[in-house]
Amino acid sequence: MLPHAWPEHILFAVSLLPLWQWMAAQPWSIGLRESLFMWPLLESAHVLTLMMFVGTTTMLDLRLLGVTFRGVPTSEFTGRLLPWTRAAFAVMTVTGLLLFYANPVRYHHNLFFRAKVILLVASGLNIWFFHSRAHTRVQAWDLTMPPPRAARLAAVVSLAAWVGVVVTGRMVAYNWFDCDLQPQSAFVNWAAACVVPPVGE
Amino acid sequence: MLLPLFEWCESTGLGLVVRESVWLFPVIEAAHLLGLCLLGGALFLVDLRMLGAGLTRTALPALARQARPWLVAGVATMLASGVLLFLSEAIKCYYSQAFWVKITTLPVALLFTFVVRERVAAAADDHVGFTVAATGAVSIALWLTVAAAGRWIGFS
């Protein structure tokens, strides 16, 4: 028999907040959070690698849509340009994780950060889908115009998702929807997992 | 000497509109960042090729020609959004070292890209010589400086 409070227990069990609270108390996290130069340096490296990563990804997407670089085989893009895209992604991920490590509790409750994570997951699924399906037969459509529907669809999803990641990522810096700026709408408090005392207490 | 000019910029109607809005500055900032990505992609694709990496099986002049409209679109997006951001906080920029690094490197990068690099890329053959490789390296260095200094304006 399941106790009626079952969903609440599950929610509590999967909340990562205790982990972030522990993380925020670590000396290295505090050091990063309070540093004068390390945080801006990490943030700058994050933006510069974003420029390379989203930039080269956009070029691949435009090629998959067949709007430009029509004479360049798709396999040359995925074989010879993609390693550079991946290298930029690696640095972007490491710097991004360090930026998160500097202030995990704030990001946990940040509406834009949560939207960004969802978009990142969507983007990752799209990449996995493209590489495990349409791209496995790339030799058959390397120079075909227009490229197959599945490839064009993957490009559109990729462009939309990365634009969303860049925009929400930039908005993380703004505190409009922060939990400590009440009152917020019920949706914001729900979506950002704010703990708000009931009205009247 | 230039301070009155910067003060005038900040007093313009456009600057005022952006400064007084809660969400305009962040939204324009996001557009500025998306323009940076477009610029970065169209730029690195060709710069890497100039350094003998990336899309090496495609002739450099053809690659540069096809990347050009996207590069121009990226630059245009950045200039349009950048001017608006600048007008809204011109006086802050006047006192920001990062701004001066950026605003002096930017014309150099633009001139280098559309005068020197464009000619070098158009004239290049399949062999990547020193001139071509050096042009690619200088282009990357210039634009990364502009981007890093630009990001740093926000930290001051």
# chains A, B, ... in the order shown; residues from 1 in each chain; ligands from 1

$ residues_around --residues "A:Pro197" --least-positions-apart "4" --cutoff "12 Å" --atoms "only C-alpha atoms" --output "ChimeraX atom specification"
/A:179-180,182-183,189,201

$ interface_residues --of "chain B" --to "chain A" --cutoff "9 Å" --atoms "only C-alpha atoms" --output "mmCIF file with N, CA and C atoms, in the first residue's frame"
data_model
loop_
_atom_site.group_PDB
_atom_site.id
_atom_site.type_symbol
_atom_site.label_atom_id
_atom_site.label_comp_id
_atom_site.auth_asym_id
_atom_site.auth_seq_id
_atom_site.Cartn_x
_atom_site.Cartn_y
_atom_site.Cartn_z
ATOM 1 N N PRO B 26 18.687 43.944 -21.801
ATOM 2 C CA PRO B 26 18.967 42.498 -21.877
ATOM 3 C C PRO B 26 18.604 41.869 -23.216
ATOM 4 N N VAL B 27 17.485 42.283 -23.809
ATOM 5 C CA VAL B 27 17.069 41.691 -25.085
ATOM 6 C C VAL B 27 18.051 42.074 -26.205
ATOM 7 N N GLU B 29 21.123 42.921 -25.730
ATOM 8 C CA GLU B 29 22.340 42.201 -25.368
ATOM 9 C C GLU B 29 22.312 40.777 -25.926
ATOM 10 N N ALA B 30 21.156 40.124 -25.808
ATOM 11 C CA ALA B 30 21.012 38.759 -26.326
ATOM 12 C C ALA B 30 21.172 38.744 -27.843
ATOM 13 N N ALA B 31 20.604 39.752 -28.527
ATOM 14 C CA ALA B 31 20.764 39.842 -29.980
ATOM 15 C C ALA B 31 22.228 40.066 -30.348
ATOM 16 N N LEU B 33 24.748 39.010 -28.676
ATOM 17 C CA LEU B 33 25.414 37.720 -28.453
ATOM 18 C C LEU B 33 25.137 36.749 -29.605
ATOM 19 N N LEU B 34 23.901 36.754 -30.117
ATOM 20 C CA LEU B 34 23.566 35.887 -31.254
ATOM 21 C C LEU B 34 24.330 36.339 -32.505
ATOM 22 N N LEU B 36 27.205 37.714 -32.411
ATOM 23 C CA LEU B 36 28.582 37.271 -32.157
ATOM 24 C C LEU B 36 28.769 35.819 -32.590
ATOM 25 N N CYS B 37 27.772 34.990 -32.323
ATOM 26 C CA CYS B 37 27.854 33.580 -32.708
ATOM 27 C C CYS B 37 27.899 33.437 -34.223
ATOM 28 N N LEU B 38 27.046 34.176 -34.909
ATOM 29 C CA LEU B 38 27.005 34.116 -36.380
ATOM 30 C C LEU B 38 28.344 34.592 -36.948
ATOM 31 N N LEU B 39 28.815 35.715 -36.437
ATOM 32 C CA LEU B 39 30.113 36.245 -36.855
ATOM 33 C C LEU B 39 31.204 35.214 -36.594
ATOM 34 N N GLY B 40 31.203 34.640 -35.391
ATOM 35 C CA GLY B 40 32.228 33.665 -35.003
ATOM 36 C C GLY B 40 32.246 32.471 -35.942
ATOM 37 N N GLY B 41 31.080 31.925 -36.254
ATOM 38 C CA GLY B 41 31.005 30.758 -37.128
ATOM 39 C C GLY B 41 31.532 31.043 -38.517
ATOM 40 N N ALA B 42 31.033 32.130 -39.132
ATOM 41 C CA ALA B 42 31.447 32.476 -40.501
ATOM 42 C C ALA B 42 32.927 32.837 -40.544
ATOM 43 N N LEU B 43 33.433 33.340 -39.429
ATOM 44 C CA LEU B 43 34.838 33.753 -39.353
ATOM 45 C C LEU B 43 35.768 32.547 -39.168
ATOM 46 N N PHE B 44 35.493 31.728 -38.152
ATOM 47 C CA PHE B 44 36.396 30.626 -37.807
ATOM 48 C C PHE B 44 36.451 29.566 -38.901
ATOM 49 N N LEU B 45 35.316 29.339 -39.551
ATOM 50 C CA LEU B 45 35.261 28.387 -40.649
ATOM 51 C C LEU B 45 36.374 28.684 -41.669
ATOM 52 N N LEU B 48 40.129 28.879 -39.868
ATOM 53 C CA LEU B 48 40.673 27.531 -39.680
ATOM 54 C C LEU B 48 41.210 27.001 -41.004
ATOM 55 N N ALA B 53 43.319 23.846 -41.402
ATOM 56 C CA ALA B 53 42.495 22.933 -40.595
ATOM 57 C C ALA B 53 41.035 23.052 -41.031
ATOM 58 N N GLY B 54 40.202 22.152 -40.520
ATOM 59 C CA GLY B 54 38.779 22.218 -40.838
ATOM 60 C C GLY B 54 38.488 21.752 -42.260
ATOM 61 N N LEU B 55 37.730 22.574 -43.001
ATOM 62 C CA LEU B 55 37.253 22.174 -44.330
ATOM 63 C C LEU B 55 38.351 22.309 -45.399
ATOM 64 N N THR B 56 39.396 21.519 -45.257
ATOM 65 C CA THR B 56 40.581 21.688 -46.121
ATOM 66 C C THR B 56 40.381 21.137 -47.529
ATOM 67 N N ARG B 57 39.319 20.352 -47.749
ATOM 68 C CA ARG B 57 39.134 19.787 -49.094
ATOM 69 C C ARG B 57 38.377 20.746 -50.012
ATOM 70 N N THR B 58 37.960 21.894 -49.459
ATOM 71 C CA THR B 58 37.282 22.899 -50.279
ATOM 72 C C THR B 58 38.258 24.039 -50.539
ATOM 73 N N ALA B 62 36.492 29.824 -52.643
ATOM 74 C CA ALA B 62 35.065 29.468 -52.684
ATOM 75 C C ALA B 62 34.467 29.483 -51.285
ATOM 76 N N LEU B 63 35.220 28.957 -50.324
ATOM 77 C CA LEU B 63 34.737 28.905 -48.940
ATOM 78 C C LEU B 63 34.520 30.320 -48.393
ATOM 79 N N GLN B 66 31.445 32.027 -49.891
ATOM 80 C CA GLN B 66 30.156 31.559 -49.378
ATOM 81 C C GLN B 66 29.924 31.946 -47.917
ATOM 82 N N ALA B 67 31.013 32.097 -47.174
ATOM 83 C CA ALA B 67 30.876 32.485 -45.760
ATOM 84 C C ALA B 67 30.587 33.978 -45.612
ATOM 85 N N TRP B 70 27.177 35.626 -44.423
ATOM 86 C CA TRP B 70 26.858 35.329 -43.017
ATOM 87 C C TRP B 70 27.739 36.135 -42.087
ATOM 88 N N LEU B 144 38.994 37.742 -31.275
ATOM 89 C CA LEU B 144 38.885 37.278 -29.884
ATOM 90 C C LEU B 144 39.163 38.433 -28.918
ATOM 91 N N ALA B 147 36.015 40.538 -28.828
ATOM 92 C CA ALA B 147 34.959 39.855 -28.081
ATOM 93 C C ALA B 147 35.241 39.858 -26.578
ATOM 94 N N ALA B 148 36.483 39.563 -26.208
ATOM 95 C CA ALA B 148 36.825 39.499 -24.783
ATOM 96 C C ALA B 148 36.708 40.881 -24.140
ATOM 97 N N ALA B 149 37.228 41.913 -24.832
ATOM 98 C CA ALA B 149 37.137 43.273 -24.293
ATOM 99 C C ALA B 149 35.667 43.686 -24.195
ATOM 100 N N ARG B 151 33.041 41.741 -23.708
ATOM 101 C CA ARG B 151 32.441 41.049 -22.546
ATOM 102 C C ARG B 151 32.879 41.768 -21.262
ATOM 103 N N TRP B 152 34.144 42.230 -21.269
ATOM 104 C CA TRP B 152 34.701 42.821 -20.042
ATOM 105 C C TRP B 152 34.068 44.178 -19.697
ATOM 106 N N PHE B 155 31.810 43.920 -16.835
ATOM 107 C CA PHE B 155 32.333 43.625 -15.489
ATOM 108 C C PHE B 155 32.753 44.884 -14.748
#

$ atom_distance --atom1 "atom CA of B:Val22" --atom2 "atom CA of A:Leu181"
15.1 Å

$ residues_around --residues "stretch 139-156 of chain A" --least-positions-apart "3" --cutoff "6 Å" --atoms "only C-alpha atoms" --output "list in words"
Asp61, Leu64, Leu65, Gly66, Pro73, Thr74 and Leu159 of chain A

$ closest_residue --among "B:Leu84, B:Ile153, B:Leu142, B:Ile28" --to "B:Ala98" --atoms "only C-alpha atoms"
B:Ile153

$ residues_around --residues "B:Leu51" --least-positions-apart "2" --cutoff "9 Å" --atoms "only C-alpha atoms" --output "mmCIF file with N, CA and C atoms, in the first residue's frame"
data_model
loop_
_atom_site.group_PDB
_atom_site.id
_atom_site.type_symbol
_atom_site.label_atom_id
_atom_site.label_comp_id
_atom_site.auth_asym_id
_atom_site.auth_seq_id
_atom_site.Cartn_x
_atom_site.Cartn_y
_atom_site.Cartn_z
ATOM 1 N N VAL B 46 36.494 29.986 -42.011
ATOM 2 C CA VAL B 46 37.475 30.405 -43.013
ATOM 3 C C VAL B 46 38.872 30.527 -42.387
ATOM 4 N N ASP B 47 38.941 31.082 -41.158
ATOM 5 C CA ASP B 47 40.252 31.228 -40.504
ATOM 6 C C ASP B 47 40.914 29.874 -40.286
ATOM 7 N N LEU B 48 40.129 28.879 -39.868
ATOM 8 C CA LEU B 48 40.673 27.531 -39.680
ATOM 9 C C LEU B 48 41.210 27.001 -41.004
ATOM 10 N N ARG B 49 40.460 27.199 -42.062
ATOM 11 C CA ARG B 49 40.878 26.765 -43.391
ATOM 12 C C ARG B 49 42.186 27.450 -43.783
ATOM 13 N N ALA B 53 43.319 23.846 -41.402
ATOM 14 C CA ALA B 53 42.495 22.933 -40.595
ATOM 15 C C ALA B 53 41.035 23.052 -41.031
ATOM 16 N N GLY B 54 40.202 22.152 -40.520
ATOM 17 C CA GLY B 54 38.779 22.218 -40.838
ATOM 18 C C GLY B 54 38.488 21.752 -42.260
ATOM 19 N N VAL B 128 48.634 26.114 -48.597
ATOM 20 C CA VAL B 128 48.510 27.130 -47.553
ATOM 21 C C VAL B 128 49.902 27.652 -47.219
ATOM 22 N N GLY B 129 50.199 28.843 -47.695
ATOM 23 C CA GLY B 129 51.510 29.434 -47.440
ATOM 24 C C GLY B 129 51.523 30.240 -46.159
ATOM 25 N N VAL B 132 48.919 33.256 -45.947
ATOM 26 C CA VAL B 132 47.539 32.823 -45.695
ATOM 27 C C VAL B 132 47.363 32.404 -44.243
ATOM 28 N N ALA B 133 48.281 31.583 -43.752
ATOM 29 C CA ALA B 133 48.185 31.097 -42.375
ATOM 30 C C ALA B 133 48.265 32.252 -41.381
ATOM 31 N N ALA B 134 49.189 33.184 -41.630
ATOM 32 C CA ALA B 134 49.346 34.320 -40.722
ATOM 33 C C ALA B 134 48.087 35.185 -40.724
ATOM 34 N N THR B 135 47.482 35.352 -41.901
ATOM 35 C CA THR B 135 46.246 36.139 -41.989
ATOM 36 C C THR B 135 45.142 35.506 -41.141
ATOM 37 N N GLY B 136 45.001 34.164 -41.223
ATOM 38 C CA GLY B 136 44.011 33.457 -40.409
ATOM 39 C C GLY B 136 44.272 33.643 -38.923
ATOM 40 N N ALA B 137 45.537 33.542 -38.528
ATOM 41 C CA ALA B 137 45.898 33.662 -37.108
ATOM 42 C C ALA B 137 45.625 35.075 -36.594
#

$ residues_around --residues "B:Pro4" --least-positions-apart "4" --cutoff "12 Å" --atoms "only C-alpha atoms" --output "JSON, numbers by chain"
{"B": [8, 9, 10, 11, 90, 91, 94]}

$ residues_around --residues "stretch 18-31 of chain A" --least-positions-apart "3" --cutoff "8 Å" --atoms "only C-alpha atoms" --output "list in words"
Ser15, Glu34, Ser35, Tyr101, Ala102, Asn103, Pro104, Val105 and His108 of chain A

$ decode --residues "stretch 14-42 of chain A" --atoms "N, CA and C atoms" --output "tab-separated table (two decimals), in the first residue's frame"
chain	number	residue	atom	x	y	z
A	14	VAL	N	14.23	13.42	-5.07
A	14	VAL	CA	14.99	13.75	-6.26
A	14	VAL	C	15.46	15.20	-6.29
A	15	SER	N	15.05	16.01	-5.31
A	15	SER	CA	15.53	17.38	-5.30
A	15	SER	C	17.04	17.41	-5.07
A	16	LEU	N	17.74	18.15	-5.90
A	16	LEU	CA	19.19	18.23	-5.79
A	16	LEU	C	19.65	19.37	-4.88
A	17	LEU	N	18.66	20.11	-4.35
A	17	LEU	CA	19.00	21.29	-3.56
A	17	LEU	C	19.99	21.01	-2.43
A	18	PRO	N	19.79	19.92	-1.63
A	18	PRO	CA	20.77	19.65	-0.57
A	18	PRO	C	22.20	19.50	-1.10
A	19	LEU	N	22.31	18.89	-2.27
A	19	LEU	CA	23.64	18.73	-2.88
A	19	LEU	C	24.24	20.10	-3.21
A	20	TRP	N	23.41	20.99	-3.79
A	20	TRP	CA	23.91	22.33	-4.15
A	20	TRP	C	24.26	23.12	-2.90
A	21	GLN	N	23.47	22.93	-1.83
A	21	GLN	CA	23.77	23.67	-0.59
A	21	GLN	C	25.12	23.22	-0.01
A	22	TRP	N	25.34	21.90	-0.09
A	22	TRP	CA	26.63	21.38	0.37
A	22	TRP	C	27.76	21.94	-0.50
A	23	MET	N	27.51	21.93	-1.83
A	23	MET	CA	28.52	22.40	-2.79
A	23	MET	C	28.87	23.87	-2.54
A	24	ALA	N	27.82	24.69	-2.30
A	24	ALA	CA	28.05	26.13	-2.11
A	24	ALA	C	28.88	26.42	-0.87
A	25	ALA	N	28.93	25.45	0.05
A	25	ALA	CA	29.67	25.66	1.30
A	25	ALA	C	31.13	25.23	1.16
A	26	GLN	N	31.50	24.65	0.02
A	26	GLN	CA	32.88	24.20	-0.17
A	26	GLN	C	33.81	25.40	-0.36
A	27	PRO	N	35.04	25.31	0.18
A	27	PRO	CA	35.97	26.45	0.08
A	27	PRO	C	36.21	26.92	-1.37
A	28	TRP	N	36.31	25.98	-2.31
A	28	TRP	CA	36.57	26.37	-3.70
A	28	TRP	C	35.38	27.08	-4.31
A	29	SER	N	34.18	26.67	-3.92
A	29	SER	CA	32.98	27.33	-4.43
A	29	SER	C	32.91	28.75	-3.89
A	30	ILE	N	33.16	28.89	-2.60
A	30	ILE	CA	33.15	30.23	-1.98
A	30	ILE	C	34.22	31.10	-2.63
A	31	GLY	N	35.40	30.51	-2.83
A	31	GLY	CA	36.52	31.24	-3.43
A	31	GLY	C	36.16	31.77	-4.81
A	32	LEU	N	35.55	30.91	-5.64
A	32	LEU	CA	35.15	31.33	-6.99
A	32	LEU	C	34.10	32.42	-6.94
A	33	ARG	N	33.11	32.21	-6.03
A	33	ARG	CA	31.99	33.14	-5.92
A	33	ARG	C	32.47	34.53	-5.54
A	34	GLU	N	33.50	34.58	-4.69
A	34	GLU	CA	33.95	35.87	-4.17
A	34	GLU	C	35.17	36.42	-4.91
A	35	SER	N	35.65	35.67	-5.91
A	35	SER	CA	36.88	36.08	-6.58
A	35	SER	C	36.65	37.33	-7.42
A	36	LEU	N	37.72	38.13	-7.54
A	36	LEU	CA	37.65	39.38	-8.29
A	36	LEU	C	37.87	39.11	-9.78
A	37	PHE	N	38.78	38.18	-10.09
A	37	PHE	CA	39.16	37.97	-11.49
A	37	PHE	C	38.79	36.61	-12.06
A	38	MET	N	38.76	35.58	-11.20
A	38	MET	CA	38.52	34.23	-11.73
A	38	MET	C	37.14	34.13	-12.37
A	39	TRP	N	36.13	34.67	-11.70
A	39	TRP	CA	34.77	34.57	-12.24
A	39	TRP	C	34.64	35.27	-13.60
A	40	PRO	N	35.08	36.55	-13.72
A	40	PRO	CA	35.02	37.19	-15.04
A	40	PRO	C	35.86	36.46	-16.09
A	41	LEU	N	37.00	35.91	-15.69
A	41	LEU	CA	37.83	35.18	-16.67
A	41	LEU	C	37.10	33.94	-17.17
A	42	LEU	N	36.47	33.21	-16.24
A	42	LEU	CA	35.72	32.02	-16.64
A	42	LEU	C	34.56	32.41	-17.55
